[in-house]
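*Asks:* Structure provided below as structure tokens; questions to follow.
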Amino acid sequence: MRRLVLVLAAAAACDPHSAGAPQDAYVVLDAPAHAGAGRGGGLLDELRFAVVGDTRPTNLDDTAHYPTDIVLRIWNDVLLETPTPQFAVTTGDYMFASSKTGSEVDPQLDLYLGARLAFPGWIYPAMGNHECTGDTDSNCGPGNIDGETPNYIEFMRRMLEPIGVTSPYYVERFAAKDGSWSAKFVFMAANAWNNAQAAWFDRALGDPTTYTFVVRHEPHDAESAPGVDPSQAIMARHPLTMLLVGHTHTYEHVPAYRELIVGNGGAPLTSAFNFGYVIIARQDGGTLQVTSYDFASHAIVDQFQVNPDGTLVQ
Amino acid sequence: MARWSSSALVVVAACGHRDAPRLGPNDVPVATTAIAVDGELTEPDWNARAMRGVLLGPDGDQMRPYSELRLLRDAHALYVALYAADEDIRSTDAWQLAVGPRTLRIFANGTSDAPDVAVGVDRDGTIDRPSDYDEEWVIEAAIPLATLGAPPLAIAAKRCDTPKDGHERCGQWSGKVGLP
């Protein structure tokens with residue numbers, strides 16, 4: 001793969017129309033050698049993606065009141081963005097279903113995945129606490145205290161396996177076709193935490209890229225989730241562009257933690273922010289523009305830029 | 001054949017009517033199983049049968065933070081479920097309820113100002129810890145029917161909350177309900 005990228009980079013260098021490499025051009029490119037987003041990531045013309053999060057009904061097993069219309073409208077909005085985002089990431093909690101009976105897990109995933117079809121692009125999901133038992137302090141997966149609940153099993157089977165992922169934690173690698181930048185998206189599962197994930201997370205973050213995004217369900221202060229504090233400690237040792245989270249049913253930018261909360265995807269709202277989504281787009285100079293939209297009015301509710309190292313552009 | 005079918009349908013319809021009285025849109029359904037007053041709305045009737053009201057803000061839109069009440073009854077009590085989305089749960093956060101002749105307040109810490117009203121609470125978040133983000137709290141309460149007077153009952157539910165942006169927001173729902 002690295003050889004292919006070197007060839008691509010050399011070809012770009014020989015192009016008389018090629019502009020000089022941007023300042024953020026240092027990369028060790030290890031993205032899959034296919035054009036566009038796909039399994040494992042891909043080679044892109046530009047980095048532009050959507051973030052959507054937290055999509056569940058108010059009450060346990062209340063499938064009749066699943067926020068299907070809101071989900072559908074959000075994904076329609078994402079599709080109609082110009083230019084269309086090349087992929088999307090989601091921050092977890094796609095259901096509110098009893099892990100004891102499991103009877104409403106698939107009916108709720110049917111509604112979610114059906115509405116999500118409005119956006120035909122690749123979507124990379126993070127695991128939320130509702131994909132375990134529903135409790136923030138729950139810990140699922142083989143060998144963990146809550147084991148493999150129906151919520152966990154069906155999340156893995158219906159949301160991760162179709163994108164070629166067999167573990168609740170995984171990494172997606174993207175790179176510019178002209179070799180000018182690279183990005184890794186490290187999806188971690190704070191509700192399927194164990195030593196193996198900790199070691200993997202440390203290694204994954206150690207892979208040098210221009211941009212590093214960690215996608216985790218819980219924000220930094222949801223300390224009862226088993227993997228939050230340990231992963232915060234690991235993240236502190238590595239470069240980080242942005243931590244993308246949900247769990248809190250609102251939109252919020254927390255610059256001190258380079259954290260972006262996108263949890264207003266249909267679950268009952270906790271603040272004055274309406275339902276909506278976020279678009280993150282790389283700019284010519286290498287900064288990233290983050291724009292939060294209201295799904296009803298399409299009004300911009302927040303917009304800012306960050307550098308590849310996560311610092312705010314003043 | 002057509003006449004026989006029609007007669008059979010009438011019989012079936014009559015039997016169905018006798019077993020399950022038709023509820024009006026403002027009638028509180030009877031619970032089909034016992035309700036455990038624990039704040040966890042795990043009884044299927046809360047989703048399948050309960051009367052439901054969403055609190056609206058002064059602008060007529062759904063209150064933010066989202067707030068909702070559900071009602072069930074049995075022979076002895078009116079059961080009230082109160083859902084409160086809340087990013088900063090405080091022990092002083094409360095619902096104000098007016099039910100027939102009674103008024104009461106029920107707090108996020110699971111207490112109320114009415115000793116005869118059983119209250120259970122389920123919280124997702126930390127109480128009185130503003131440094132983190134909370135999610136929601138759910139109240140389940142049982143109000144003795146004998147204290148409520150004759151139906152129909154006027155019910156009003158109100159909640160105010162101050163999210164982390166520091167602006168207090170209020171919402172309410174009101175209606176007149178039957179107890180068939």
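By order of appearance in the structure tokens: chains A, B, ..., then residues from 1 within every chain, and ligands from 1 in the order shown.
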With only C-alpha atoms considered, list every residue of chain B at most 7 Å from chain A, as a list in words.
*Replies:*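 Listing them in order of chain and number gives Thr42, Asn47, Arg64, Pro65, Tyr66, Ala85, Asp86, Glu87, Asp132, Tyr133, Asp134, Glu135 and Pro163 of chain B.
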*Asks:* Determine which residues of range 15-131 of chain B DSSP labels as strand (DSSP E) from the backbone of this structure, then write them out as a ChimeraX atom specification.
*Replies:* /B:51-54,67-73,77-85,94-99,102-107,118-124
*Asks:* Report, in Å with one decimal, the straight-line distance from CA of Tyr94 in chain A to CA of Thr55 in chain A.
*Replies:*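 Value for the CA of Tyr94 in chain A-CA of Thr55 in chain A distance: 4.9 Å.
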*Asks:* May I have the residues within 10 Å of Ser231 in chain A as JSON, numbers by chain, using only C-alpha atoms and disregarding those fewer than 3 positions away in the same chain?
*Replies:* {"A": [188, 189, 190, 193, 197, 198, 201, 202, 214, 216, 220, 226, 227, 228, 234, 235, 236]}
*Asks:* Keeping only C-alpha atoms, take the residues you just selected and write them out as a compact mmCIF listing (two decimals), in the first residue's frame.
*Replies:*
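Output (again-v3.txt):
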# COMPACT_ATOMS: atom_id res chain seq x y z
CA MET A 188 -13.42 2.98 20.20
CA ALA A 189 -16.03 1.26 22.31
CA ALA A 190 -16.06 2.53 25.88
CA TRP A 193 -13.57 -2.01 27.13
CA GLN A 197 -8.77 -2.64 23.28
CA ALA A 198 -6.52 -0.45 25.40
CA PHE A 201 -6.09 1.97 20.94
CA ASP A 202 -2.57 3.01 21.93
CA VAL A 214 -11.33 9.52 17.81
CA ARG A 216 -16.38 7.41 20.98
CA HIS A 220 -14.90 12.97 28.56
CA PRO A 226 -15.63 1.71 31.59
CA GLY A 227 -13.46 2.96 28.74
CA VAL A 228 -13.74 6.71 29.12
CA ILE A 234 -4.15 7.07 26.24
CA MET A 235 -5.32 9.94 24.04
CA ALA A 236 -3.28 12.37 26.12
*Asks:* Report, in Å with one decimal, the straight-line distance from CA of Arg173 in chain A to CA of Ala31 in chain A.
*Replies:*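 Taking CA of Arg173 in chain A as the start and CA of Ala31 in chain A as the end point, the length is 4.8 Å.
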*Asks:* Write out as a list of chain:residue names each polymer residue whose atoms come within 9 Å of Gly121 in chain A, counting only C-alpha atoms; drop sequence neighbours fewer than 3 positions from it.
*Replies:*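 Final neighbour list, sorted by chain and number: A:Ala37, A:Gly38, A:Leu79, A:Pro85, A:Gln86, A:Phe87, A:Ala88, A:Leu117.
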*Asks:* Selection from above, N, CA and C atoms, as an mmCIF file, in the first residue's frame, can you write it?
*Replies:*
data_model
loop_
_atom_site.group_PDB
_atom_site.id
_atom_site.type_symbol
_atom_site.label_atom_id
_atom_site.label_comp_id
_atom_site.auth_asym_id
_atom_site.auth_seq_id
_atom_site.Cartn_x
_atom_site.Cartn_y
_atom_site.Cartn_z
ATOM 1 N N ALA A 37 -14.704 6.384 -0.138
ATOM 2 C CA ALA A 37 -14.833 5.702 1.150
ATOM 3 C C ALA A 37 -15.327 4.284 0.946
ATOM 4 N N GLY A 38 -14.833 3.388 1.749
ATOM 5 C CA GLY A 38 -15.239 1.990 1.663
ATOM 6 C C GLY A 38 -14.700 1.244 2.863
ATOM 7 N N LEU A 79 -27.567 14.148 2.702
ATOM 8 C CA LEU A 79 -27.431 13.825 1.275
ATOM 9 C C LEU A 79 -27.475 15.084 0.414
ATOM 10 N N PRO A 85 -21.290 14.947 1.387
ATOM 11 C CA PRO A 85 -20.200 14.357 2.188
ATOM 12 C C PRO A 85 -19.796 12.992 1.642
ATOM 13 N N GLN A 86 -18.525 12.700 1.755
ATOM 14 C CA GLN A 86 -18.035 11.447 1.180
ATOM 15 C C GLN A 86 -18.313 10.243 2.061
ATOM 16 N N PHE A 87 -18.574 10.505 3.315
ATOM 17 C CA PHE A 87 -18.968 9.430 4.231
ATOM 18 C C PHE A 87 -19.515 10.091 5.486
ATOM 19 N N ALA A 88 -19.964 9.278 6.399
ATOM 20 C CA ALA A 88 -20.487 9.803 7.663
ATOM 21 C C ALA A 88 -20.025 8.921 8.804
ATOM 22 N N LEU A 117 -31.041 4.749 5.148
ATOM 23 C CA LEU A 117 -30.832 4.495 3.721
ATOM 24 C C LEU A 117 -30.968 5.758 2.874
#
*Asks:* Excluding Met51 in chain B and its own-chain neighbours fewer than 6 positions away, which residues fall within 10 Å of it when counting only C-alpha atoms? Please give them as a PDB file with N, CA and C atoms, in the first residue's frame.
*Replies:*
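around.pdb, written as the output of this step:
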ATOM      1  N   PRO B  25     -60.394   9.483  23.644  1.00  0.00           N
ATOM      2  CA  PRO B  25     -59.014   9.964  23.552  1.00  0.00           C
ATOM      3  C   PRO B  25     -58.505  10.587  24.855  1.00  0.00           C
ATOM      4  N   ASN B  26     -59.435  10.953  25.731  1.00  0.00           N
ATOM      5  CA  ASN B  26     -59.004  11.556  26.991  1.00  0.00           C
ATOM      6  C   ASN B  26     -59.252  10.647  28.189  1.00  0.00           C
ATOM      7  N   ASP B  27     -59.450   9.374  27.915  1.00  0.00           N
ATOM      8  CA  ASP B  27     -59.641   8.418  29.005  1.00  0.00           C
ATOM      9  C   ASP B  27     -58.311   7.782  29.376  1.00  0.00           C
ATOM     10  N   VAL B  28     -58.108   7.641  30.676  1.00  0.00           N
ATOM     11  CA  VAL B  28     -56.870   7.013  31.140  1.00  0.00           C
ATOM     12  C   VAL B  28     -57.051   5.499  31.114  1.00  0.00           C
ATOM     13  N   PRO B  29     -56.231   4.772  30.366  1.00  0.00           N
ATOM     14  CA  PRO B  29     -56.398   3.319  30.267  1.00  0.00           C
ATOM     15  C   PRO B  29     -56.102   2.608  31.584  1.00  0.00           C
ATOM     16  N   ASP B  45     -47.506  -1.818  29.373  1.00  0.00           N
ATOM     17  CA  ASP B  45     -48.620  -0.878  29.234  1.00  0.00           C
ATOM     18  C   ASP B  45     -48.148   0.576  29.091  1.00  0.00           C
ATOM     19  N   LEU B  69     -45.421  13.310  29.848  1.00  0.00           N
ATOM     20  CA  LEU B  69     -46.076  12.541  30.901  1.00  0.00           C
ATOM     21  C   LEU B  69     -46.922  11.440  30.283  1.00  0.00           C
ATOM     22  N   ARG B  70     -47.098  10.365  31.044  1.00  0.00           N
ATOM     23  CA  ARG B  70     -47.950   9.255  30.636  1.00  0.00           C
ATOM     24  C   ARG B  70     -48.844   8.898  31.823  1.00  0.00           C
ATOM     25  N   LEU B  71     -50.039   8.412  31.515  1.00  0.00           N
ATOM     26  CA  LEU B  71     -51.017   8.119  32.560  1.00  0.00           C
ATOM     27  C   LEU B  71     -51.603   6.721  32.371  1.00  0.00           C
ATOM     28  N   LEU B  72     -51.685   6.002  33.475  1.00  0.00           N
ATOM     29  CA  LEU B  72     -52.397   4.735  33.545  1.00  0.00           C
ATOM     30  C   LEU B  72     -53.177   4.733  34.854  1.00  0.00           C
ATOM     31  N   VAL B  80     -48.685   7.967  37.238  1.00  0.00           N
ATOM     32  CA  VAL B  80     -48.164   9.055  36.419  1.00  0.00           C
ATOM     33  C   VAL B  80     -46.691   8.784  36.151  1.00  0.00           C
ATOM     34  N   VAL B 177     -59.285  14.489  31.951  1.00  0.00           N
ATOM     35  CA  VAL B 177     -59.247  13.068  31.634  1.00  0.00           C
ATOM     36  C   VAL B 177     -60.395  12.328  32.307  1.00  0.00           C
TER      37      VAL B 177
END
